[in-house]
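Structure, as C-alpha cells:
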Amino acid sequence: MVTLLLGTGLFVWGLGSTGLVDETPPLFAAAGRAMVETGDWLTPRVNGNPRFDKPVLVYWLMGLGYAGIPASLDPFGSLAARLPSTLSAMAVMLGLADTFWCWQPQRPAPGSSLRRWCLALSAALAFALSPWVMVWARTAVSDMLLSALLCLALLGFWRHDVALSDNPGRAGRWPLAAWICLGLAVLTKGPVALALAALTCLLYGLREGRQGQLWQRLRPWRGLAVVALVALPWYVAELAVEGRPFWDSFFGYHNLQRFTQVVNRHGGPWWFYGPVFLGICAPFSPLALHGFCAGLMPRPQPLGLADRRASSSLQRFAACWALAVLVFFSLAATKLPSYALPASPALALLVVLAAAELRPGRGWAVRVAAWISLALTLGLGLTLLAAPTWVGLIQDPEMPGFAAALMASGLFHRGGMVLLVAASLGALLLAWRRWPWLLLAQLSLVAWTPLTLLPLTGLVDTARQRDVRLLGETITRTHRAGEPVAMVGIKKPSLHFYGRRQVRYEGKSPQALANLSFCMAWPGSEPTLLLVIDRGTAMADHWQGIRHQRLDARGLYLLWRLNRTDLDARSRQLLADGRVRQACPVHGLESYN
C-alpha cells in the first residue's frame, strides 16, 4: 500500500495539468484518439496516414483513456495519453517491491520484517526516482509500457527458476503469466522484446552454468506459442489489411533498418550507453556499478537478503538483464537514450542489492560506492544552488526568455535544497553503518516531484507548447469547411493534435512555399488556406509581399489566412526564377516517426 501511495504521488499527481510536448508524444496521442473518433481500432493513424512505427497495444490503451475519461477532466488531452506510461511505472514499482518482500529468510531473525519492508520500499523507489523513469513515466510514448511488461516477464522467469530450486516438488508449475507479459511486450514494441528477454536468459544461463536446466524450467517452445497467441493476431490482421507498406515500414524500416543503419541522425559511438546507464540510476550510479560488477564476478557473494541462493541469484540475474540491454542496443546503429529504459528495473535491483551488503566490519567496496553516491547527490545539489552562474547558457530559440523565467521561479534553489537534505540524512545513517541510509535519502528525494519536477514541467509547457496549443484552438474555431491547413518553418506535430485537422508540414525554403501551391490537395478552384508560420520564416524574402489575413499571433508563431491565387502567383514567380521545381515529394509526419 505504501508503494502504491508513493507511486501515485510521484507519477499521477498533476499528470494532465500540462499539454503534450513535441515532437513524438502528440503522434502517439493523435493515433490513440483517432481510434476512438474513427472506430478503426486496427491501424493507428496520424494526420490521415497510417503510423506503422510501433505495434498497437499502446494506442489501444490511450484510446481507452480517450473513450473513458471525460474531456472536463482532461482539458489538454494529455492525461489519457500519459496514463499508460504512468500505470506501467507503478506496475514496475509494485513488481520490484513484491519480489523483495516474497524472497525472505525462511527463519526470520529479529528485526527482519522491518528490513524486508525497507528493502522492498527502497527497490520501488530506486526505480521510481531514476531521472529516466521520472521523465518517461509522464511521457506519452511506448517505452515505459515496454519496460514494464518486459520487467514483469523477466521477474516472473527468475522467480519461477528460484522457486523450483528451493522446492523441486513444484516442477509441474510453469510461468504462464510471465509469457503472457512477454507477448504483450511484443505487441507494444515488436520483436525487440523477444530479443531482450532471450539474451537476458541466455546470459543468465551461461552465468549460472545451467543453460539446460533453465531451458527445461521455462519451456520456451510452449512460451513462444503463448507469445504468438497474444501478439500474432494483430500482426496478421494488419498485414492482411495494409499489406506491403506495413511490412516494409514496420519490419523493414523501424526494426531492421534502425538496428543496422543510423535513422534520423540518431547515431552514436559504441560507448554511447555507458553514460546513459550511469544517468539512469543517478545519483546512486556507483552502487549500481558495484552491484553490476559483483553480479558478473565468477564467485558470487551471498547478501543475506533471503536465503543465500535466492539473494545472490537475483543480483546475478539483474546484472545479466542490464548487460543484455547494454549489449543489444550498443550493437544497434540507431541510438537513443530512451532505448536504455528497459534496463532501469535491473539497475534499481542492483542499487538496492549493493546497499544491502553494508554491514559493520565488511563490505569496504560498497561503503566507498555509497559515500561516492552521497557525494554525487551533494554535488548535484550545490550545482543547482549555483544556477545563477550557468543558467544563462540555456538558449533555445523556441523558448525565448526561458532561462530568465527559470531563475525567477526559484526551482533550482528548491531542487538544490532537496538534494542537500537527501545527502545529509543519508550520510547520517551511513556514518553509523546502518543500511536504511539509502531509504532515508530516497524518501527525501520524493519531495523533488512536487517542489521541482511539476513546476519545471509547467514552465516548459508555457514556454514551448502553450502557443502552439492556443493556435490549434484558434484553428478549430476559425476553420472553414474544406479549408486546408499547413505549417511552415518550425514543425510541430501537436498542431495537428490540438487543431484536430490534417496539417501539411513544410520547411523554410522557397521550395516549401511552392509545394503548398503545386503539391497540396486543394478542394476547390480558389479556396483559402490556413497557414501557421514562425516569425523567422515569415521574414524570408520569398514570403514577403504575399497578401494575408492575420488571424492570431502567439509568441514565435503567426496564423494567416491566404488566398490560393496569391500563393500560386508567388510560386510561379519562384519557378520562373529557377528557385523551385514543380516536383511533389510525399509529405506528412514521417520525419517524426
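Following the order of the C-alpha cells, first chain is A, next is B, and so on, with residues numbered from 1 inside each chain and ligands from 1 in the order they appear.
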### Task
Pick out each residue of region 439-507 of chain A that DSSP on the backbone tags as strand (DSSP E); I need them as a list in words.
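Strand (DSSP E) assignments inside region 439-507 of chain A correspond to Val485, Ala486, Met487, Val488, Val503, Arg504, Tyr505 and Glu506 of chain A.
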### Task
Pick out the residues sitting within 8 Å of region 19-22 of chain A, and hand them over as a count of residues only; count only C-alpha atoms, and ignore anything fewer than 4 positions along from it in its own chain.
13
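For the atom pair formed by CA of Arg207 (chain A) and CA of Ser285 (chain A), the distance is 23.1 Å, given to one decimal.
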### Task
Skip region 318-328 of chain A itself and residues of its chain fewer than 6 positions away, then list as a PyMOL selection string all residues within 7 Å of it, counting only C-alpha atoms.
chain A and resi 196+199-200+203-204+273+292+295-296+340+343+346-347+349-350
### Task
Skip Gly555 (chain A) itself and residues of its chain fewer than 6 positions away, then list as a list of chain:residue names all residues within 12 Å of it, counting only C-alpha atoms.
A:Pro397, A:Glu398, A:Met399, A:Pro400, A:Gly401, A:Thr462, A:Ala463, A:Arg464, A:Gln465, A:Arg466, A:Asp467, A:Val468, A:Arg469, A:Leu470, A:Leu471, A:Val532, A:Ile533, A:Asp534, A:Arg535, A:Gly536
Those same residues - all heavy atoms - I'd like them written as a compact mmCIF listing (two decimals), in the first residue's frame.
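And here is the file that came out, selection.txt:
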```txt
# COMPACT_ATOMS: atom_id res chain seq x y z
N PRO A 397 15.97 28.74 -29.19
CA PRO A 397 15.22 29.73 -29.97
C PRO A 397 13.72 29.53 -29.92
O PRO A 397 12.97 30.48 -30.18
CB PRO A 397 15.76 29.53 -31.40
CG PRO A 397 16.38 28.18 -31.40
CD PRO A 397 16.89 27.96 -30.03
N GLU A 398 13.27 28.32 -29.60
CA GLU A 398 11.84 28.09 -29.50
C GLU A 398 11.29 28.47 -28.13
O GLU A 398 10.07 28.44 -27.93
CB GLU A 398 11.53 26.62 -29.79
CG GLU A 398 11.86 26.20 -31.21
CD GLU A 398 11.41 24.78 -31.50
OE1 GLU A 398 10.45 24.32 -30.85
OE2 GLU A 398 12.01 24.13 -32.37
N MET A 399 12.18 28.78 -27.17
CA MET A 399 11.73 29.17 -25.83
C MET A 399 12.46 30.44 -25.39
O MET A 399 13.24 30.41 -24.43
CB MET A 399 11.96 28.03 -24.83
CG MET A 399 11.17 26.78 -25.11
SD MET A 399 11.23 25.56 -23.74
CE MET A 399 12.96 25.13 -23.73
N PRO A 400 12.26 31.55 -26.06
CA PRO A 400 12.93 32.79 -25.65
C PRO A 400 12.49 33.20 -24.26
O PRO A 400 11.32 33.14 -23.90
CB PRO A 400 12.48 33.79 -26.72
CG PRO A 400 11.20 33.23 -27.26
CD PRO A 400 11.34 31.74 -27.20
N GLY A 401 13.44 33.61 -23.46
CA GLY A 401 13.12 34.05 -22.10
C GLY A 401 12.97 32.92 -21.11
O GLY A 401 12.66 33.17 -19.94
N THR A 462 4.54 26.16 -20.70
CA THR A 462 4.21 27.55 -21.01
C THR A 462 5.14 28.12 -22.08
O THR A 462 4.70 28.80 -23.01
CB THR A 462 4.30 28.41 -19.74
OG1 THR A 462 3.36 27.91 -18.78
CG2 THR A 462 3.98 29.87 -20.04
N ALA A 463 6.42 27.81 -21.97
CA ALA A 463 7.40 28.41 -22.88
C ALA A 463 7.40 27.75 -24.25
O ALA A 463 7.64 28.42 -25.26
CB ALA A 463 8.80 28.31 -22.26
N ARG A 464 7.13 26.45 -24.31
CA ARG A 464 7.34 25.72 -25.56
C ARG A 464 6.05 25.29 -26.24
O ARG A 464 5.98 25.24 -27.47
CB ARG A 464 8.21 24.50 -25.30
CG ARG A 464 8.64 23.76 -26.55
CD ARG A 464 9.51 22.57 -26.20
NE ARG A 464 9.93 21.85 -27.39
CZ ARG A 464 11.03 22.08 -28.09
NH1 ARG A 464 11.84 23.06 -27.70
NH2 ARG A 464 11.34 21.38 -29.16
N GLN A 465 5.02 24.98 -25.48
CA GLN A 465 3.84 24.33 -26.07
C GLN A 465 2.57 25.16 -26.04
O GLN A 465 1.68 24.95 -26.85
CB GLN A 465 3.57 22.99 -25.37
CG GLN A 465 4.64 21.95 -25.61
CD GLN A 465 4.80 21.60 -27.07
OE1 GLN A 465 5.91 21.50 -27.57
NE2 GLN A 465 3.72 21.42 -27.78
N ARG A 466 2.46 26.07 -25.11
CA ARG A 466 1.18 26.78 -24.95
C ARG A 466 0.79 27.54 -26.21
O ARG A 466 -0.38 27.52 -26.62
CB ARG A 466 1.25 27.74 -23.77
CG ARG A 466 -0.07 28.45 -23.50
CD ARG A 466 0.05 29.44 -22.36
NE ARG A 466 1.03 30.49 -22.66
CZ ARG A 466 1.32 31.50 -21.83
NH1 ARG A 466 0.73 31.55 -20.65
NH2 ARG A 466 2.20 32.41 -22.18
N ASP A 467 1.75 28.19 -26.86
CA ASP A 467 1.42 28.98 -28.05
C ASP A 467 0.88 28.11 -29.17
O ASP A 467 -0.10 28.47 -29.84
CB ASP A 467 2.66 29.74 -28.52
CG ASP A 467 3.12 30.78 -27.53
OD1 ASP A 467 2.28 31.25 -26.74
OD2 ASP A 467 4.32 31.12 -27.53
N VAL A 468 1.49 26.95 -29.39
CA VAL A 468 1.01 26.05 -30.44
C VAL A 468 -0.37 25.52 -30.08
O VAL A 468 -1.25 25.40 -30.94
CB VAL A 468 2.01 24.90 -30.65
CG1 VAL A 468 1.50 23.94 -31.73
CG2 VAL A 468 3.37 25.44 -31.04
N ARG A 469 -0.56 25.21 -28.81
CA ARG A 469 -1.87 24.71 -28.38
C ARG A 469 -2.96 25.75 -28.59
O ARG A 469 -4.07 25.43 -29.06
CB ARG A 469 -1.78 24.31 -26.90
CG ARG A 469 -3.05 23.66 -26.36
CD ARG A 469 -2.80 23.03 -25.01
NE ARG A 469 -2.44 23.98 -23.98
CZ ARG A 469 -1.29 24.01 -23.34
NH1 ARG A 469 -0.34 23.16 -23.67
NH2 ARG A 469 -1.04 24.91 -22.40
N LEU A 470 -2.67 27.00 -28.26
CA LEU A 470 -3.66 28.06 -28.44
C LEU A 470 -3.94 28.31 -29.92
O LEU A 470 -5.08 28.58 -30.31
CB LEU A 470 -3.18 29.34 -27.76
CG LEU A 470 -3.10 29.28 -26.23
CD1 LEU A 470 -2.50 30.56 -25.68
CD2 LEU A 470 -4.48 29.02 -25.63
N LEU A 471 -2.90 28.21 -30.76
CA LEU A 471 -3.13 28.35 -32.20
C LEU A 471 -4.01 27.21 -32.71
O LEU A 471 -4.85 27.42 -33.60
CB LEU A 471 -1.80 28.37 -32.95
CG LEU A 471 -0.99 29.67 -32.87
CD1 LEU A 471 0.34 29.49 -33.57
CD2 LEU A 471 -1.77 30.83 -33.48
N VAL A 532 0.11 28.34 -40.48
CA VAL A 532 0.88 28.70 -39.28
C VAL A 532 2.33 28.83 -39.70
O VAL A 532 2.91 27.90 -40.27
CB VAL A 532 0.72 27.63 -38.18
CG1 VAL A 532 1.62 27.97 -36.99
CG2 VAL A 532 -0.73 27.51 -37.74
N ILE A 533 2.92 29.97 -39.45
CA ILE A 533 4.28 30.25 -39.87
C ILE A 533 5.01 30.93 -38.71
O ILE A 533 4.43 31.77 -38.00
CB ILE A 533 4.29 31.15 -41.13
CG1 ILE A 533 5.69 31.39 -41.64
CG2 ILE A 533 3.56 32.46 -40.88
CD1 ILE A 533 5.73 32.07 -43.02
N ASP A 534 6.25 30.52 -38.47
CA ASP A 534 7.01 31.19 -37.40
C ASP A 534 7.55 32.51 -37.92
O ASP A 534 7.71 32.72 -39.13
CB ASP A 534 8.15 30.29 -36.91
CG ASP A 534 9.19 30.01 -37.97
OD1 ASP A 534 9.01 29.03 -38.72
OD2 ASP A 534 10.16 30.77 -38.05
N ARG A 535 7.83 33.41 -37.01
CA ARG A 535 8.20 34.78 -37.38
C ARG A 535 9.50 34.82 -38.19
O ARG A 535 9.66 35.65 -39.09
CB ARG A 535 8.34 35.63 -36.12
CG ARG A 535 7.03 35.81 -35.37
CD ARG A 535 7.21 36.66 -34.13
NE ARG A 535 6.00 36.73 -33.33
CZ ARG A 535 5.02 37.61 -33.50
NH1 ARG A 535 5.12 38.51 -34.46
NH2 ARG A 535 3.95 37.61 -32.72
N GLY A 536 10.44 33.93 -37.89
CA GLY A 536 11.68 33.91 -38.65
C GLY A 536 11.44 33.55 -40.11
O GLY A 536 11.98 34.20 -41.02
```
### Query
What's the 7 Å shell around region 58-71 of chain A, counting only C-alpha atoms, without same-chain residues fewer than 4 positions away, as a PyMOL selection string?
chain A and resi 28-29+31-33+35-36+44+75+80-81+84+142+188
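CA of Cys181 (chain A) sits 14.4 Å away from CA of His160 (chain A).
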### Task
Name all residues at most 9 Å from Asn563 (chain A) (count only C-alpha atoms; drop same-chain ones fewer than 6 positions away) and give them as a list in words.
Glu526, Pro527, Thr528, Leu529, Arg547 and His548 of chain A
For the residues in the current selection, export C-alpha atoms as a PDB file, in the first residue's frame.
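Writing done, so here's out_7.pdb:
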```pdb
ATOM      1  CA  GLU A 526      -9.899  29.257 -55.393  1.00  0.00           C
ATOM      2  CA  PRO A 527     -10.072  28.229 -51.740  1.00  0.00           C
ATOM      3  CA  THR A 528      -8.260  29.828 -48.878  1.00  0.00           C
ATOM      4  CA  LEU A 529      -5.540  28.281 -46.751  1.00  0.00           C
ATOM      5  CA  ARG A 547      -1.321  39.228 -49.068  1.00  0.00           C
ATOM      6  CA  HIS A 548      -2.787  37.549 -45.988  1.00  0.00           C
TER       7      HIS A 548
END
```
#### Entry: Backbone DSSP call of alpha helix (DSSP H) for region 230-307 of chain A, listed as a ChimeraX atom specification
/A:230-242,244-246,258-260,273-280,285-296
With C-alpha atoms retained, could you export that selection as a PDB file, in the first residue's frame?
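Final file, again.pdb:
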```pdb
ATOM      1  CA  VAL A 230      -1.164 -12.965 -27.665  1.00  0.00           C
ATOM      2  CA  ALA A 231       0.659 -10.922 -30.315  1.00  0.00           C
ATOM      3  CA  LEU A 232       0.282 -12.565 -33.724  1.00  0.00           C
ATOM      4  CA  PRO A 233      -3.451 -11.959 -34.360  1.00  0.00           C
ATOM      5  CA  TRP A 234      -2.935  -8.202 -34.675  1.00  0.00           C
ATOM      6  CA  TYR A 235       0.185  -8.559 -36.828  1.00  0.00           C
ATOM      7  CA  VAL A 236      -1.598 -10.970 -39.179  1.00  0.00           C
ATOM      8  CA  ALA A 237      -4.707  -8.786 -39.394  1.00  0.00           C
ATOM      9  CA  GLU A 238      -2.648  -5.640 -40.002  1.00  0.00           C
ATOM     10  CA  LEU A 239      -0.610  -7.353 -42.685  1.00  0.00           C
ATOM     11  CA  ALA A 240      -3.770  -8.630 -44.358  1.00  0.00           C
ATOM     12  CA  VAL A 241      -5.350  -5.160 -44.404  1.00  0.00           C
ATOM     13  CA  GLU A 242      -2.341  -2.914 -45.067  1.00  0.00           C
ATOM     14  CA  ARG A 244       3.363  -4.487 -48.170  1.00  0.00           C
ATOM     15  CA  PRO A 245       3.513  -0.921 -46.756  1.00  0.00           C
ATOM     16  CA  PHE A 246       3.098  -2.292 -43.226  1.00  0.00           C
ATOM     17  CA  ARG A 258      17.061   1.036 -37.219  1.00  0.00           C
ATOM     18  CA  PHE A 259      19.302  -1.780 -35.987  1.00  0.00           C
ATOM     19  CA  THR A 260      21.631  -1.858 -38.989  1.00  0.00           C
ATOM     20  CA  TYR A 273      25.018   3.763 -23.456  1.00  0.00           C
ATOM     21  CA  GLY A 274      27.720   3.757 -20.779  1.00  0.00           C
ATOM     22  CA  PRO A 275      26.970   7.323 -19.638  1.00  0.00           C
ATOM     23  CA  VAL A 276      23.266   6.727 -20.266  1.00  0.00           C
ATOM     24  CA  PHE A 277      23.226   3.784 -17.841  1.00  0.00           C
ATOM     25  CA  LEU A 278      25.024   5.850 -15.218  1.00  0.00           C
ATOM     26  CA  GLY A 279      22.476   8.610 -15.713  1.00  0.00           C
ATOM     27  CA  ILE A 280      19.548   6.220 -15.317  1.00  0.00           C
ATOM     28  CA  SER A 285      25.280   5.128 -10.023  1.00  0.00           C
ATOM     29  CA  PRO A 286      28.322   3.933  -8.014  1.00  0.00           C
ATOM     30  CA  LEU A 287      26.104   1.464  -6.141  1.00  0.00           C
ATOM     31  CA  ALA A 288      24.639   0.196  -9.401  1.00  0.00           C
ATOM     32  CA  LEU A 289      28.127  -0.201 -10.862  1.00  0.00           C
ATOM     33  CA  HIS A 290      29.256  -2.103  -7.779  1.00  0.00           C
ATOM     34  CA  GLY A 291      26.227  -4.400  -7.945  1.00  0.00           C
ATOM     35  CA  PHE A 292      26.712  -4.919 -11.675  1.00  0.00           C
ATOM     36  CA  CYS A 293      30.344  -5.974 -11.259  1.00  0.00           C
ATOM     37  CA  ALA A 294      29.531  -8.181  -8.264  1.00  0.00           C
ATOM     38  CA  GLY A 295      26.756  -9.882 -10.209  1.00  0.00           C
ATOM     39  CA  LEU A 296      29.107 -10.764 -13.055  1.00  0.00           C
TER      40      LEU A 296
END
```
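Relative to CA of Gln502 (chain A), CA of Ala540 (chain A) is found at 25.3 Å.
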If you take only C-alpha atoms and a cut-off of 12 Å, which residues of region 109-218 of chain A touch region 447-452 of chain A, and what are their nearest atom pairs and distances in Å to one decimal, in chain and number order, as a Markdown table?
```
| residue | atom | partner | partner_atom | distance |
| --- | --- | --- | --- | --- |
| A:Ala128 | CA | A:Thr449 | CA | 10.8 |
| A:Leu129 | CA | A:Trp448 | CA | 9.0 |
| A:Ser130 | CA | A:Trp448 | CA | 11.5 |
| A:Pro131 | CA | A:Trp448 | CA | 10.8 |
| A:Met134 | CA | A:Thr449 | CA | 8.5 |
| A:Val135 | CA | A:Thr449 | CA | 10.7 |
| A:Arg138 | CA | A:Thr449 | CA | 11.5 |
```
### Message
I'd like the contact shell of Val186 (chain A) - 8 Å cut-off, only C-alpha atoms, skipping same-chain residues fewer than 4 positions apart - returned as a PyMOL selection string.
### Response
chain A and resi 55+182+190-194+227+231
Dump of N, CA and C atoms for the selected residues, as an mmCIF file, in the first residue's frame:
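Okay, this is what ended up in result.cif:
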```cif
data_model
loop_
_atom_site.group_PDB
_atom_site.id
_atom_site.type_symbol
_atom_site.label_atom_id
_atom_site.label_comp_id
_atom_site.auth_asym_id
_atom_site.auth_seq_id
_atom_site.Cartn_x
_atom_site.Cartn_y
_atom_site.Cartn_z
ATOM 1 N N PRO A 55 3.744 -1.259 -32.687
ATOM 2 C CA PRO A 55 2.517 -2.066 -32.662
ATOM 3 C C PRO A 55 1.399 -1.355 -31.910
ATOM 4 N N LEU A 182 5.281 -11.156 -21.773
ATOM 5 C CA LEU A 182 6.222 -11.037 -22.886
ATOM 6 C C LEU A 182 5.480 -10.893 -24.211
ATOM 7 N N GLY A 190 7.303 -4.724 -30.617
ATOM 8 C CA GLY A 190 7.796 -5.623 -31.643
ATOM 9 C C GLY A 190 8.804 -6.643 -31.175
ATOM 10 N N PRO A 191 9.562 -7.222 -32.103
ATOM 11 C CA PRO A 191 10.484 -8.321 -31.799
ATOM 12 C C PRO A 191 11.591 -7.964 -30.819
ATOM 13 N N VAL A 192 11.851 -6.686 -30.594
ATOM 14 C CA VAL A 192 12.910 -6.300 -29.667
ATOM 15 C C VAL A 192 12.651 -6.861 -28.277
ATOM 16 N N ALA A 193 11.392 -7.010 -27.883
ATOM 17 C CA ALA A 193 11.083 -7.569 -26.566
ATOM 18 C C ALA A 193 11.554 -9.013 -26.466
ATOM 19 N N LEU A 194 11.300 -9.796 -27.515
ATOM 20 C CA LEU A 194 11.770 -11.179 -27.535
ATOM 21 C C LEU A 194 13.288 -11.237 -27.495
ATOM 22 N N VAL A 227 3.197 -16.463 -26.567
ATOM 23 C CA VAL A 227 3.516 -15.146 -27.134
ATOM 24 C C VAL A 227 2.825 -14.969 -28.482
ATOM 25 N N ALA A 231 0.216 -12.015 -29.443
ATOM 26 C CA ALA A 231 0.659 -10.922 -30.315
ATOM 27 C C ALA A 231 0.334 -11.122 -31.787
#
```
